[in-house]
>>> print(open('structure38.txt').read())   # compact mmCIF, C-alpha atoms (C1' of nucleotides)
# COMPACT_ATOMS: atom_id res chain seq x y z
CA MET A 235 -48.60 -37.68 -31.18
CA SER A 236 -50.78 -36.97 -34.23
CA SER A 237 -49.22 -36.63 -37.66
CA ALA A 238 -49.72 -32.88 -37.52
CA SER A 239 -47.69 -32.76 -34.33
CA LEU A 240 -44.94 -34.87 -35.87
CA LYS A 241 -44.88 -32.57 -38.82
CA THR A 242 -44.42 -29.50 -36.66
CA ARG A 243 -41.64 -31.14 -34.69
CA LYS A 244 -39.85 -32.02 -37.89
CA ARG A 245 -40.39 -28.54 -39.24
CA ILE A 246 -38.78 -27.12 -36.11
CA LEU A 247 -35.80 -29.46 -36.37
CA GLN A 248 -35.31 -28.65 -40.04
CA ALA A 249 -35.61 -24.93 -39.38
CA THR A 250 -32.98 -25.26 -36.66
CA ILE A 251 -30.61 -27.07 -38.98
CA HIS A 252 -31.06 -24.58 -41.79
CA LEU A 253 -30.51 -21.60 -39.54
CA LEU A 254 -27.49 -23.08 -37.81
CA GLU A 255 -25.92 -24.01 -41.12
CA ALA A 256 -26.41 -20.52 -42.47
CA SER A 257 -25.60 -18.76 -39.22
CA ASP A 258 -21.85 -18.56 -39.74
CA GLY A 259 -21.24 -18.60 -36.04
CA ARG A 260 -23.84 -16.00 -35.17
CA VAL A 261 -26.22 -16.92 -32.38
CA VAL A 262 -29.52 -18.45 -33.51
CA ARG A 263 -32.35 -17.40 -31.22
CA MET A 264 -35.53 -19.24 -30.37
CA THR A 265 -37.41 -16.42 -32.09
CA ASP A 266 -35.50 -17.04 -35.33
CA ILE A 267 -36.23 -20.74 -35.25
CA ALA A 268 -39.90 -20.14 -34.52
CA LYS A 269 -40.20 -17.68 -37.39
CA LYS A 270 -38.50 -20.08 -39.79
CA ALA A 271 -40.80 -22.90 -38.70
CA SER A 272 -43.87 -20.64 -39.06
CA ILE A 273 -44.84 -21.04 -35.46
CA THR A 274 -44.84 -18.84 -32.36
CA ARG A 275 -41.82 -18.78 -30.10
CA GLN A 276 -43.96 -20.05 -27.25
CA ALA A 277 -45.09 -23.06 -29.27
CA LEU A 278 -41.46 -24.21 -29.51
CA TYR A 279 -41.63 -24.91 -25.81
CA LEU A 280 -44.55 -27.28 -26.39
CA HIS A 281 -42.13 -29.51 -28.31
CA PHE A 282 -38.80 -28.89 -26.59
CA LYS A 283 -38.37 -28.02 -22.95
CA THR A 284 -35.38 -25.74 -23.44
CA ARG A 285 -33.07 -24.42 -26.13
CA ALA A 286 -30.41 -26.96 -25.13
CA GLU A 287 -32.92 -29.79 -25.48
CA LEU A 288 -33.83 -28.58 -28.95
CA LEU A 289 -30.18 -28.50 -30.01
CA ILE A 290 -29.55 -31.96 -28.62
CA GLN A 291 -32.56 -33.39 -30.44
CA THR A 292 -31.31 -31.67 -33.58
CA THR A 293 -28.05 -33.64 -33.44
CA TYR A 294 -30.01 -36.89 -33.26
CA TYR A 295 -32.16 -35.79 -36.16
CA LEU A 296 -29.04 -35.02 -38.18
CA ASP A 297 -27.71 -38.52 -37.61
CA GLU A 298 -31.05 -39.88 -38.77
CA ILE A 299 -30.91 -37.83 -41.96
CA TYR A 300 -27.34 -38.56 -42.87
CA GLY A 301 -27.05 -42.08 -41.51
CA SER A 302 -23.80 -40.94 -39.98
CA GLU A 303 -23.35 -43.73 -37.47
CA ALA A 304 -23.64 -46.38 -40.13
CA ARG A 305 -20.92 -44.68 -42.11
CA LEU A 306 -18.61 -44.46 -39.12
CA MET A 307 -19.24 -48.13 -38.44
CA GLN A 308 -18.12 -49.02 -41.93
CA SER A 309 -14.53 -48.24 -40.97
CA ARG A 310 -14.72 -51.41 -38.87
CA ALA A 311 -14.62 -53.41 -42.08
CA ALA A 312 -11.00 -52.46 -42.80
CA LYS A 313 -8.64 -55.44 -42.72
CA THR A 314 -5.51 -53.83 -41.30
CA GLY A 315 -4.97 -51.29 -38.53
CA ALA A 316 -3.43 -48.81 -40.94
CA LYS A 317 -6.42 -49.01 -43.27
CA ARG A 318 -8.81 -48.75 -40.39
CA LEU A 319 -7.07 -45.64 -39.15
CA ASP A 320 -7.38 -44.13 -42.63
CA ALA A 321 -10.99 -45.16 -42.96
CA TYR A 322 -11.87 -43.73 -39.58
CA VAL A 323 -10.15 -40.42 -40.26
CA GLU A 324 -12.04 -40.20 -43.53
CA ALA A 325 -15.43 -41.17 -42.14
CA TRP A 326 -15.22 -38.84 -39.17
CA GLY A 327 -13.64 -36.06 -41.19
CA ASN A 328 -16.56 -36.15 -43.59
CA TYR A 329 -19.03 -36.30 -40.74
CA ILE A 330 -17.84 -33.05 -39.21
CA PRO A 331 -19.11 -30.62 -41.87
CA GLU A 332 -22.54 -32.21 -41.60
CA ILE A 333 -22.85 -31.50 -37.91
CA TYR A 334 -20.71 -28.39 -37.75
CA GLY A 335 -23.49 -25.83 -37.32
CA VAL A 336 -25.19 -27.70 -34.52
CA ALA A 337 -21.89 -28.70 -32.95
CA LYS A 338 -20.76 -25.12 -32.78
CA ALA A 339 -23.98 -23.99 -31.13
CA LEU A 340 -23.75 -26.79 -28.57
CA ILE A 341 -20.11 -26.08 -27.81
CA ALA A 342 -20.94 -22.40 -27.40
CA MET A 343 -23.67 -23.27 -24.89
CA SER A 344 -21.34 -25.48 -22.89
CA ASP A 345 -20.28 -22.54 -20.75
CA THR A 346 -23.75 -21.89 -19.48
CA ASP A 347 -25.76 -25.04 -20.00
CA GLU A 348 -25.04 -28.26 -18.18
CA ALA A 349 -27.32 -30.32 -20.45
CA ALA A 350 -25.54 -29.06 -23.54
CA VAL A 351 -22.18 -30.09 -22.11
CA LYS A 352 -23.47 -33.56 -21.37
CA ALA A 353 -24.97 -34.07 -24.79
CA TRP A 354 -21.81 -33.00 -26.54
CA LYS A 355 -19.61 -35.07 -24.25
CA LYS A 356 -21.63 -38.16 -25.02
CA ARG A 357 -21.10 -37.66 -28.73
CA MET A 358 -17.40 -37.10 -28.22
CA GLN A 359 -17.27 -40.24 -26.11
CA ASP A 360 -18.58 -42.26 -29.05
CA MET A 361 -15.82 -40.80 -31.19
CA HIS A 362 -13.23 -41.66 -28.57
CA GLU A 363 -14.31 -45.29 -28.83
CA GLY A 364 -13.93 -45.24 -32.58
CA CYS A 365 -10.40 -43.92 -32.19
CA ALA A 366 -9.61 -46.58 -29.62
CA ALA A 367 -10.78 -49.33 -31.96
CA ALA A 368 -8.42 -48.24 -34.73
CA ILE A 369 -5.47 -47.72 -32.40
CA ASN A 370 -5.99 -51.05 -30.64
CA MET A 371 -6.04 -52.87 -33.95
CA LEU A 372 -2.71 -51.25 -34.80
CA ASP A 373 -1.37 -52.20 -31.41
CA HIS A 374 -2.34 -55.85 -31.77
CA GLU A 375 -0.55 -55.96 -35.10
CA ARG A 376 2.51 -54.54 -33.28
CA ARG A 377 2.49 -51.61 -35.64
CA LEU A 378 1.69 -48.89 -33.10
CA SER A 379 4.50 -46.37 -32.73
CA PRO A 380 6.57 -47.05 -29.59
CA ASN A 381 6.33 -43.35 -28.79
CA PHE A 382 2.82 -43.80 -27.42
CA THR A 383 0.85 -46.21 -25.28
CA PRO A 384 -2.46 -47.23 -26.89
CA GLU A 385 -4.27 -44.94 -24.44
CA GLN A 386 -2.09 -41.98 -25.27
CA ALA A 387 -2.42 -42.55 -28.99
CA THR A 388 -6.19 -42.83 -28.64
CA ASP A 389 -6.46 -39.60 -26.66
CA PHE A 390 -4.20 -37.86 -29.12
CA LEU A 391 -6.08 -39.04 -32.20
CA TRP A 392 -9.36 -38.13 -30.57
CA CYS A 393 -8.06 -34.68 -29.82
CA LEU A 394 -6.65 -34.19 -33.32
CA LEU A 395 -10.00 -35.04 -34.88
CA SER A 396 -11.96 -32.46 -32.88
CA VAL A 397 -14.52 -30.24 -34.54
CA GLN A 398 -12.52 -27.21 -33.42
CA ASN A 399 -9.44 -28.38 -35.30
CA TRP A 400 -11.50 -28.97 -38.42
CA GLU A 401 -12.84 -25.45 -38.01
CA HIS A 402 -9.36 -24.01 -37.58
CA LEU A 403 -7.96 -25.63 -40.68
CA THR A 404 -10.85 -25.40 -43.12
CA ILE A 405 -12.51 -22.16 -42.09
CA GLU A 406 -9.61 -20.13 -40.71
CA CYS A 407 -6.72 -21.51 -42.76
CA GLY A 408 -8.78 -22.10 -45.88
CA TRP A 409 -8.02 -25.77 -46.39
CA SER A 410 -10.41 -27.65 -48.63
CA GLN A 411 -12.29 -30.61 -47.24
CA SER A 412 -10.29 -33.08 -49.33
CA GLN A 413 -7.05 -31.45 -48.30
CA TYR A 414 -8.11 -31.76 -44.68
CA ILE A 415 -8.81 -35.48 -45.06
CA GLU A 416 -5.61 -36.09 -47.00
CA LYS A 417 -3.28 -34.30 -44.61
CA TYR A 418 -4.91 -35.77 -41.56
CA LYS A 419 -4.40 -39.26 -42.93
CA THR A 420 -0.75 -38.45 -43.52
CA LEU A 421 -0.35 -37.03 -40.04
CA ALA A 422 -2.02 -39.99 -38.38
CA GLN A 423 0.16 -42.43 -40.29
CA ALA A 424 3.35 -40.50 -39.49
CA ALA A 425 2.48 -40.12 -35.85
CA PHE A 426 1.02 -43.47 -34.88
CA ILE A 427 2.35 -46.13 -37.23
CA ASN A 428 5.71 -47.66 -36.60
CA MET B 246 -4.40 9.09 -14.09
CA SER B 247 -3.66 9.43 -10.39
CA SER B 248 -1.98 6.62 -8.47
CA ALA B 249 -5.28 5.73 -6.84
CA SER B 250 -6.84 5.19 -10.27
CA LEU B 251 -3.96 2.98 -11.34
CA LYS B 252 -4.37 0.93 -8.21
CA THR B 253 -8.06 0.33 -8.85
CA ARG B 254 -7.41 -0.69 -12.43
CA LYS B 255 -4.83 -3.21 -11.28
CA ARG B 256 -7.18 -4.48 -8.59
CA ILE B 257 -9.84 -5.05 -11.24
CA LEU B 258 -7.44 -6.90 -13.53
CA GLN B 259 -6.19 -9.06 -10.69
CA ALA B 260 -9.73 -9.80 -9.55
CA THR B 261 -10.60 -10.82 -13.11
CA ILE B 262 -7.61 -13.16 -13.32
CA HIS B 263 -8.35 -14.76 -9.96
CA LEU B 264 -11.98 -15.33 -10.76
CA LEU B 265 -11.32 -16.69 -14.25
CA GLU B 266 -8.66 -19.04 -12.94
CA ALA B 267 -10.99 -20.36 -10.27
CA SER B 268 -14.09 -20.34 -12.45
CA ASP B 269 -13.64 -23.79 -13.95
CA GLY B 270 -15.46 -22.74 -17.07
CA ARG B 271 -18.38 -21.10 -15.33
CA VAL B 272 -19.26 -17.63 -16.55
CA VAL B 273 -17.69 -14.78 -14.59
CA ARG B 274 -20.02 -11.79 -14.44
CA MET B 275 -19.18 -8.14 -14.15
CA THR B 276 -20.90 -8.20 -10.76
CA ASP B 277 -18.54 -10.93 -9.55
CA ILE B 278 -15.48 -9.02 -10.67
CA ALA B 279 -16.73 -5.80 -9.09
CA LYS B 280 -17.37 -7.55 -5.79
CA LYS B 281 -13.94 -9.15 -5.80
CA ALA B 282 -12.31 -5.80 -6.54
CA SER B 283 -14.36 -4.11 -3.79
CA ILE B 284 -15.96 -1.70 -6.16
CA THR B 285 -19.43 -1.18 -7.63
CA ARG B 286 -20.35 -2.84 -10.90
CA GLN B 287 -20.92 0.54 -12.47
CA ALA B 288 -17.43 1.70 -11.54
CA LEU B 289 -15.98 -1.10 -13.67
CA TYR B 290 -17.29 0.77 -16.67
CA LEU B 291 -15.26 3.84 -15.67
CA HIS B 292 -12.13 1.76 -16.34
CA PHE B 293 -13.23 -0.58 -19.13
CA LYS B 294 -15.81 0.22 -21.75
CA THR B 295 -17.20 -3.30 -22.05
CA ARG B 296 -16.74 -6.78 -20.68
CA ALA B 297 -14.83 -7.76 -23.84
CA GLU B 298 -12.48 -4.81 -23.38
CA LEU B 299 -11.81 -5.87 -19.80
CA LEU B 300 -10.98 -9.42 -20.89
CA ILE B 301 -8.69 -8.20 -23.63
CA GLN B 302 -6.83 -5.89 -21.27
CA THR B 303 -6.55 -8.80 -18.87
CA THR B 304 -4.63 -10.83 -21.45
CA TYR B 305 -2.16 -7.97 -21.86
CA TYR B 306 -1.80 -7.72 -18.11
CA LEU B 307 -1.12 -11.44 -17.92
CA ASP B 308 1.70 -11.14 -20.44
CA GLU B 309 3.12 -8.31 -18.38
CA ILE B 310 3.08 -10.42 -15.23
CA TYR B 311 4.51 -13.56 -16.74
CA GLY B 312 6.83 -12.04 -19.31
CA SER B 313 5.36 -14.55 -21.73
CA GLU B 314 6.43 -12.95 -24.96
CA ALA B 315 10.05 -12.87 -23.89
CA ARG B 316 9.88 -16.56 -23.14
CA LEU B 317 8.35 -17.37 -26.50
CA MET B 318 11.05 -15.32 -28.18
CA GLN B 319 13.74 -17.39 -26.51
CA SER B 320 12.92 -20.28 -28.80
CA ARG B 321 14.49 -18.18 -31.55
CA ALA B 322 17.88 -18.89 -30.04
CA ALA B 323 17.78 -22.57 -31.03
CA LYS B 324 20.51 -23.51 -33.53
CA THR B 325 18.66 -26.12 -35.59
CA GLY B 326 15.12 -26.32 -36.89
CA ALA B 327 14.42 -29.44 -34.88
CA LYS B 328 15.56 -27.80 -31.66
CA ARG B 329 13.62 -24.69 -32.46
CA LEU B 330 10.47 -26.74 -33.02
CA ASP B 331 10.99 -28.41 -29.65
CA ALA B 332 11.70 -25.13 -27.94
CA TYR B 333 8.63 -23.50 -29.42
CA VAL B 334 6.35 -26.38 -28.47
CA GLU B 335 7.70 -26.20 -24.94
CA ALA B 336 7.48 -22.41 -24.61
CA TRP B 337 3.97 -22.20 -26.00
CA GLY B 338 2.82 -25.30 -24.18
CA ASN B 339 3.87 -23.78 -20.88
CA TYR B 340 2.28 -20.48 -21.79
CA ILE B 341 -1.17 -22.00 -22.25
CA PRO B 342 -1.95 -22.85 -18.62
CA GLU B 343 -1.08 -19.28 -17.67
CA ILE B 344 -3.64 -17.77 -19.98
CA TYR B 345 -6.16 -20.59 -19.96
CA GLY B 346 -8.84 -18.94 -17.81
CA VAL B 347 -8.87 -15.73 -19.79
CA ALA B 348 -8.51 -17.54 -23.09
CA LYS B 349 -11.54 -19.66 -22.38
CA ALA B 350 -13.66 -16.65 -21.49
CA LEU B 351 -12.59 -14.85 -24.66
CA ILE B 352 -13.24 -17.88 -26.83
CA ALA B 353 -16.67 -18.27 -25.25
CA MET B 354 -17.49 -14.65 -26.06
CA SER B 355 -16.46 -15.08 -29.68
CA ASP B 356 -19.98 -16.09 -30.64
CA THR B 357 -21.50 -12.86 -29.54
CA ASP B 358 -18.73 -10.29 -29.38
CA GLU B 359 -16.87 -9.03 -32.40
CA ALA B 360 -14.17 -7.32 -30.33
CA ALA B 361 -13.45 -10.52 -28.43
CA VAL B 362 -13.02 -12.41 -31.69
CA LYS B 363 -10.59 -9.85 -32.97
CA ALA B 364 -8.52 -9.77 -29.80
CA TRP B 365 -8.23 -13.52 -29.69
CA LYS B 366 -7.45 -13.78 -33.40
CA LYS B 367 -4.64 -11.29 -33.01
CA ARG B 368 -3.08 -13.39 -30.30
CA MET B 369 -3.45 -16.52 -32.39
CA GLN B 370 -1.88 -14.72 -35.31
CA ASP B 371 1.23 -14.08 -33.22
CA MET B 372 1.38 -17.77 -32.48
CA HIS B 373 0.99 -18.63 -36.14
CA GLU B 374 4.09 -16.56 -36.86
CA GLY B 375 6.06 -18.42 -34.20
CA CYS B 376 5.05 -21.70 -35.81
CA ALA B 377 6.05 -20.41 -39.25
CA ALA B 378 9.50 -19.42 -37.99
CA ALA B 379 10.25 -22.91 -36.70
CA ILE B 380 8.86 -24.65 -39.79
CA ASN B 381 10.71 -22.35 -42.19
CA MET B 382 13.99 -23.03 -40.41
CA LEU B 383 13.36 -26.75 -40.85
CA ASP B 384 12.51 -26.18 -44.49
CA HIS B 385 15.71 -24.26 -45.18
CA GLU B 386 17.70 -27.09 -43.66
CA ARG B 387 15.85 -29.42 -46.06
CA ARG B 388 14.58 -31.34 -43.10
CA LEU B 389 10.88 -30.60 -43.48
CA SER B 390 8.81 -33.69 -44.20
CA PRO B 391 7.96 -33.93 -47.92
CA ASN B 392 4.37 -34.67 -46.89
CA PHE B 393 3.70 -31.00 -46.26
CA THR B 394 4.44 -27.65 -47.80
CA PRO B 395 5.83 -25.14 -45.29
CA GLU B 396 2.45 -23.41 -45.26
CA GLN B 397 0.57 -26.61 -44.56
CA ALA B 398 2.99 -27.63 -41.84
CA THR B 399 2.69 -24.19 -40.25
CA ASP B 400 -1.12 -24.29 -40.29
CA PHE B 401 -1.10 -27.79 -38.90
CA LEU B 402 1.35 -27.05 -36.10
CA TRP B 403 -0.58 -23.92 -35.23
CA CYS B 404 -3.79 -25.90 -35.08
CA LEU B 405 -2.25 -28.68 -32.99
CA LEU B 406 -1.01 -26.19 -30.41
CA SER B 407 -4.42 -24.61 -29.84
CA VAL B 408 -5.68 -23.88 -26.36
CA GLN B 409 -8.64 -26.17 -27.01
CA ASN B 410 -6.38 -29.14 -27.69
CA TRP B 411 -4.44 -28.45 -24.51
CA GLU B 412 -7.77 -28.35 -22.70
CA HIS B 413 -8.89 -31.63 -24.26
CA LEU B 414 -5.76 -33.51 -23.32
CA THR B 415 -4.95 -32.14 -19.89
CA ILE B 416 -8.40 -31.43 -18.49
CA GLU B 417 -10.55 -34.01 -20.23
CA CYS B 418 -8.04 -36.82 -20.75
CA GLY B 419 -6.10 -36.15 -17.56
CA TRP B 420 -2.65 -35.74 -19.07
CA SER B 421 -0.11 -33.97 -16.90
CA GLN B 422 1.48 -30.79 -18.16
CA SER B 423 4.87 -32.48 -18.62
CA GLN B 424 3.24 -35.38 -20.45
CA TYR B 425 1.51 -32.90 -22.72
CA ILE B 426 4.80 -31.17 -23.58
CA GLU B 427 6.63 -34.46 -24.03
CA LYS B 428 4.08 -36.07 -26.33
CA TYR B 429 3.59 -32.95 -28.36
CA LYS B 430 7.30 -32.73 -29.01
CA THR B 431 7.26 -36.34 -30.15
CA LEU B 432 4.27 -35.76 -32.41
CA ALA B 433 5.77 -32.65 -33.96
CA GLN B 434 9.04 -34.42 -34.66
CA ALA B 435 7.28 -37.45 -36.15
CA ALA B 436 4.96 -35.37 -38.28
CA PHE B 437 7.16 -32.61 -39.59
CA ILE B 438 10.77 -33.77 -39.60
CA ASN B 439 12.07 -35.84 -42.44
C1' DT C 61 -8.95 27.60 3.88
C1' DA C 62 -11.73 27.26 0.29
C1' DC C 63 -12.48 25.43 -4.55
C1' DA C 64 -12.32 22.36 -8.02
C1' DA C 65 -11.29 18.16 -10.11
C1' DT C 66 -11.25 13.16 -9.83
C1' DA C 67 -12.80 8.78 -8.34
C1' DC C 68 -16.26 6.47 -6.83
C1' DT C 69 -21.29 5.41 -5.07
C1' DT C 70 -26.30 5.05 -5.32
C1' DG C 71 -30.36 4.03 -7.48
C1' DA C 72 -32.69 3.93 -11.50
C1' DC C 73 -33.65 2.28 -16.17
C1' DA C 74 -33.32 0.32 -21.15
C1' DC C 75 -32.55 -3.74 -23.70
C1' DA C 76 -32.06 -8.59 -25.29
C1' DG C 77 -32.98 -13.23 -24.74
C1' DT C 78 -34.94 -17.34 -22.22
C1' DG C 79 -38.56 -19.45 -20.10
C1' DT C 80 -43.53 -19.42 -18.05
C1' DC C 81 -48.46 -18.74 -17.63
C1' DA C 82 -53.47 -18.15 -18.55
C1' DA C 83 -56.98 -17.57 -21.63
C1' DG C 84 -58.55 -17.80 -26.23
C1' DT C 85 -58.85 -19.92 -31.11
C1' DT C 86 -59.05 -23.45 -34.57
C1' DG C 87 -59.63 -27.78 -36.75
C1' DA C 88 -60.30 -32.66 -36.65
C1' DC C 89 -62.58 -36.54 -35.10
C1' DA C 90 -66.42 -39.09 -32.92
C1' DT D 190 -72.64 -30.98 -31.33
C1' DG D 191 -69.12 -31.36 -28.28
C1' DT D 192 -64.50 -32.23 -26.99
C1' DC D 193 -59.62 -32.68 -27.32
C1' DA D 194 -55.10 -31.39 -28.97
C1' DA D 195 -52.30 -28.16 -31.18
C1' DC D 196 -51.48 -23.75 -31.53
C1' DT D 197 -51.91 -18.45 -30.72
C1' DT D 198 -51.98 -14.16 -28.07
C1' DG D 199 -50.40 -11.19 -24.79
C1' DA D 200 -48.42 -10.69 -20.59
C1' DC D 201 -44.70 -11.19 -17.25
C1' DA D 202 -40.46 -12.87 -14.42
C1' DC D 203 -35.61 -13.29 -14.55
C1' DT D 204 -30.65 -12.61 -15.70
C1' DG D 205 -26.95 -10.07 -17.37
C1' DT D 206 -24.93 -6.01 -19.93
C1' DG D 207 -24.56 -1.34 -20.48
C1' DT D 208 -26.11 3.67 -19.42
C1' DC D 209 -27.41 7.80 -16.92
C1' DA D 210 -27.93 11.45 -13.40
C1' DA D 211 -27.17 13.03 -9.00
C1' DG D 212 -24.61 12.77 -4.87
C1' DT D 213 -20.35 12.03 -1.79
C1' DA D 214 -15.56 11.86 -0.46
C1' DT D 215 -10.75 12.60 -1.13
C1' DT D 216 -7.03 14.96 -3.02
C1' DG D 217 -4.34 18.73 -4.98
C1' DT D 218 -3.85 23.46 -5.45
C1' DA D 219 -4.54 28.63 -5.67
>>> encode(input="structure38.txt", output="structure tokens")
Amino acid sequence: MSSASLKTRKRILQATIHLLEASDGRVVRMTDIAKKASITRQALYLHFKTRAELLIQTTYYLDEIYGSEARLMQSRAAKTGAKRLDAYVEAWGNYIPEIYGVAKALIAMSDTDEAAVKAWKKRMQDMHEGCAAAINMLDHERRLSPNFTPEQATDFLWCLLSVQNWEHLTIECGWSQSQYIEKYKTLAQAAFIN
Amino acid sequence: MSSASLKTRKRILQATIHLLEASDGRVVRMTDIAKKASITRQALYLHFKTRAELLIQTTYYLDEIYGSEARLMQSRAAKTGAKRLDAYVEAWGNYIPEIYGVAKALIAMSDTDEAAVKAWKKRMQDMHEGCAAAINMLDHERRLSPNFTPEQATDFLWCLLSVQNWEHLTIECGWSQSQYIEKYKTLAQAAFIN
DNA sequence: TACAATACTTGACACAGTGTCAAGTTGACA
DNA sequence: TGTCAACTTGACACTGTGTCAAGTATTGTA
């Protein structure tokens, strides 16, 4: 674990991020990553066992860079359920573009790679918990819409906030990021608050 | 175009549907389809130029079998915007499980296959128009929520009704089909009706 | 009845991408 | 000077798609 080795590992992770961000949905191959990191394709496998493993480690590295978790945690500070819902929608909504490239690659691998599925599911599980926290706060204040049980509202919110939906609205429908956040807040309020 | 040729083509399409429905997300290979249709892999290419082409033709065949389009059109009969919204959510929501296997395979191919993207986008475009029709009816009745322009509401509804969201809620969260329809109707009413 | 066309089979191969292996190089550190 | 770790080089196995050429079998038709 010399400093040279650390440097190479970081270079690989950064190359992966750059390529995925610029890939626009096209597949990023191990060869591309190696080239970008100025290394041979084979040497990649000295640092990461498989392509899936590399992608998974890239998501962790992204969190490290952006301090994403901390920002999501901040929504806990909100004093009312309604504000917490808003804060969570905003925090998560702004998190998505940061991880979009990697997320898309992982989701695409899900059909063939068991490890990729697991890694992505774990991340989505964390998000599910964040949704639950906001919904439960609403519920305890007796402000949750009677149309949904807390579990249903949590599942629904979690589903609404998926990366795929963000992709649909911003990339395919051309919504701006701020429009996305704004309208999602409105929808969440209309749907879940009594 | 002898009757024997027609029969083989149908056998291939049916084999594809069966395998995709039973595949549970696993990749279905040309070899698998050929085996199921009691034909050689190479012979598949006498009927369909590529795997993407086969999948696309399979979606058309599914519509033929289920008469899906006719059912979606029925929602046009609704007398009020609110009823039309409900009817559309129900018609589309019940359409999804029918096409889910094929849809998933097409979506998975989107990363690598241009033709698959196009085919799937065309289908989604049709759905977008159905959403627009319901939302515009609401708007003309002055019953559309002031939170959204008709365009925004259409985009949003279209996004909410995606196959991926259906997958999230029914398969990952364990919602029943009727629960899915029920809660989606509620959400649509809460979000879009003034 | 013979022939021709059509549908399909057989066996081979090219190609892309992942992952593996063995042997060689290079640089740092002791 | 020697040794260890990180990396390179070149080769190869494997999977899946798509292609090609030659052969067979069935059907319709002159």
>>> closest_residue(input="structure38.txt", among="D:DT215, D:DT206, D:DT190, D:DT198", to="DA74 in chain C", atoms="all atoms listed in the file")
D:DT206
>>> closest_atom_pairs(input="structure38.txt", of="chain D", to="chain A", cutoff="9 Å", atoms="all atoms listed in the file", output="JSON lines")
{"residue": "D:DA194", "atom": "C1'", "partner": "A:Ser236", "partner_atom": "CA", "distance": 8.8}
{"residue": "D:DA195", "atom": "C1'", "partner": "A:Ser239", "partner_atom": "CA", "distance": 7.2}
{"residue": "D:DC196", "atom": "C1'", "partner": "A:Ala277", "partner_atom": "CA", "distance": 6.8}
{"residue": "D:DT197", "atom": "C1'", "partner": "A:Thr274", "partner_atom": "CA", "distance": 7.3}
>>> residues_around(input="structure38.txt", residues="DA72 in chain C", least_positions_apart="4", cutoff="12 Å", atoms="all atoms listed in the file", output="VMD selection string")
chain D and resid 208 to 211
>>> closest_residue(input="structure38.txt", among="A:Ala311, A:Leu340, A:Met371, A:Ile415", to="Arg285 in chain A", atoms="all atoms listed in the file")
A:Leu340
>>> closest_atom_pairs(input="structure38.txt", of="chain A", to="chain B", cutoff="9 Å", atoms="only C-alpha atoms", output="Markdown table")
| residue | atom | partner | partner_atom | distance |
| --- | --- | --- | --- | --- |
| A:Gly259 | CA | B:Asp356 | CA | 6.1 |
| A:Arg260 | CA | B:Asp356 | CA | 6.0 |
| A:Val261 | CA | B:Asp356 | CA | 6.5 |
| A:Ala339 | CA | B:Asp356 | CA | 8.9 |
| A:Ile341 | CA | B:Ala353 | CA | 8.9 |
| A:Ala342 | CA | B:Ala353 | CA | 6.3 |
| A:Met343 | CA | B:Ala353 | CA | 8.6 |
| A:Ser344 | CA | B:Gly270 | CA | 8.7 |
| A:Asp345 | CA | B:Arg271 | CA | 5.9 |
| A:Thr346 | CA | B:Arg271 | CA | 6.8 |
| A:Asn381 | CA | B:Thr431 | CA | 7.2 |
| A:Phe382 | CA | B:Lys428 | CA | 7.9 |
| A:Gln386 | CA | B:Lys428 | CA | 8.6 |
| A:Asp389 | CA | B:Cys418 | CA | 6.7 |
| A:Phe390 | CA | B:Leu414 | CA | 7.4 |
| A:Cys393 | CA | B:Asn410 | CA | 6.2 |
| A:Leu394 | CA | B:Leu405 | CA | 7.1 |
| A:Ser396 | CA | B:Asn410 | CA | 8.3 |
| A:Gln398 | CA | B:Gln409 | CA | 7.6 |
| A:Asn399 | CA | B:Cys404 | CA | 6.2 |
| A:Trp400 | CA | B:Cys404 | CA | 8.9 |
| A:His402 | CA | B:Cys404 | CA | 6.4 |
| A:Leu403 | CA | B:Asp400 | CA | 7.0 |
| A:Cys407 | CA | B:Asp400 | CA | 6.7 |
| A:Trp409 | CA | B:Gln397 | CA | 8.8 |
| A:Lys417 | CA | B:Phe393 | CA | 7.9 |
| A:Thr420 | CA | B:Asn392 | CA | 7.2 |
| A:Leu421 | CA | B:Ala436 | CA | 5.8 |
| A:Ala422 | CA | B:Ala436 | CA | 8.4 |
| A:Gln423 | CA | B:Ala436 | CA | 8.8 |
| A:Ala424 | CA | B:Ala436 | CA | 5.5 |
| A:Ala425 | CA | B:Ala435 | CA | 5.5 |
| A:Phe426 | CA | B:Leu432 | CA | 8.7 |
>>> build_atoms(input="structure38.txt", residues="range 254-259 of chain A", atoms="N, CA and C atoms", output="CSV table (one decimal), in the frame of the given file")
chain,number,residue,atom,x,y,z
A,254,LEU,N,-28.8,-22.9,-38.4
A,254,LEU,CA,-27.5,-23.1,-37.8
A,254,LEU,C,-26.5,-23.2,-38.9
A,255,GLU,N,-26.9,-23.9,-40.0
A,255,GLU,CA,-25.9,-24.0,-41.1
A,255,GLU,C,-25.6,-22.7,-41.8
A,256,ALA,N,-26.6,-21.8,-41.8
A,256,ALA,CA,-26.4,-20.5,-42.5
A,256,ALA,C,-25.9,-19.5,-41.5
A,257,SER,N,-25.8,-19.8,-40.2
A,257,SER,CA,-25.6,-18.8,-39.2
A,257,SER,C,-24.2,-18.2,-39.2
A,258,ASP,N,-23.2,-19.1,-39.7
A,258,ASP,CA,-21.8,-18.6,-39.7
A,258,ASP,C,-21.3,-18.2,-38.4
A,259,GLY,N,-21.7,-18.9,-37.4
A,259,GLY,CA,-21.2,-18.6,-36.0
A,259,GLY,C,-22.1,-17.6,-35.2
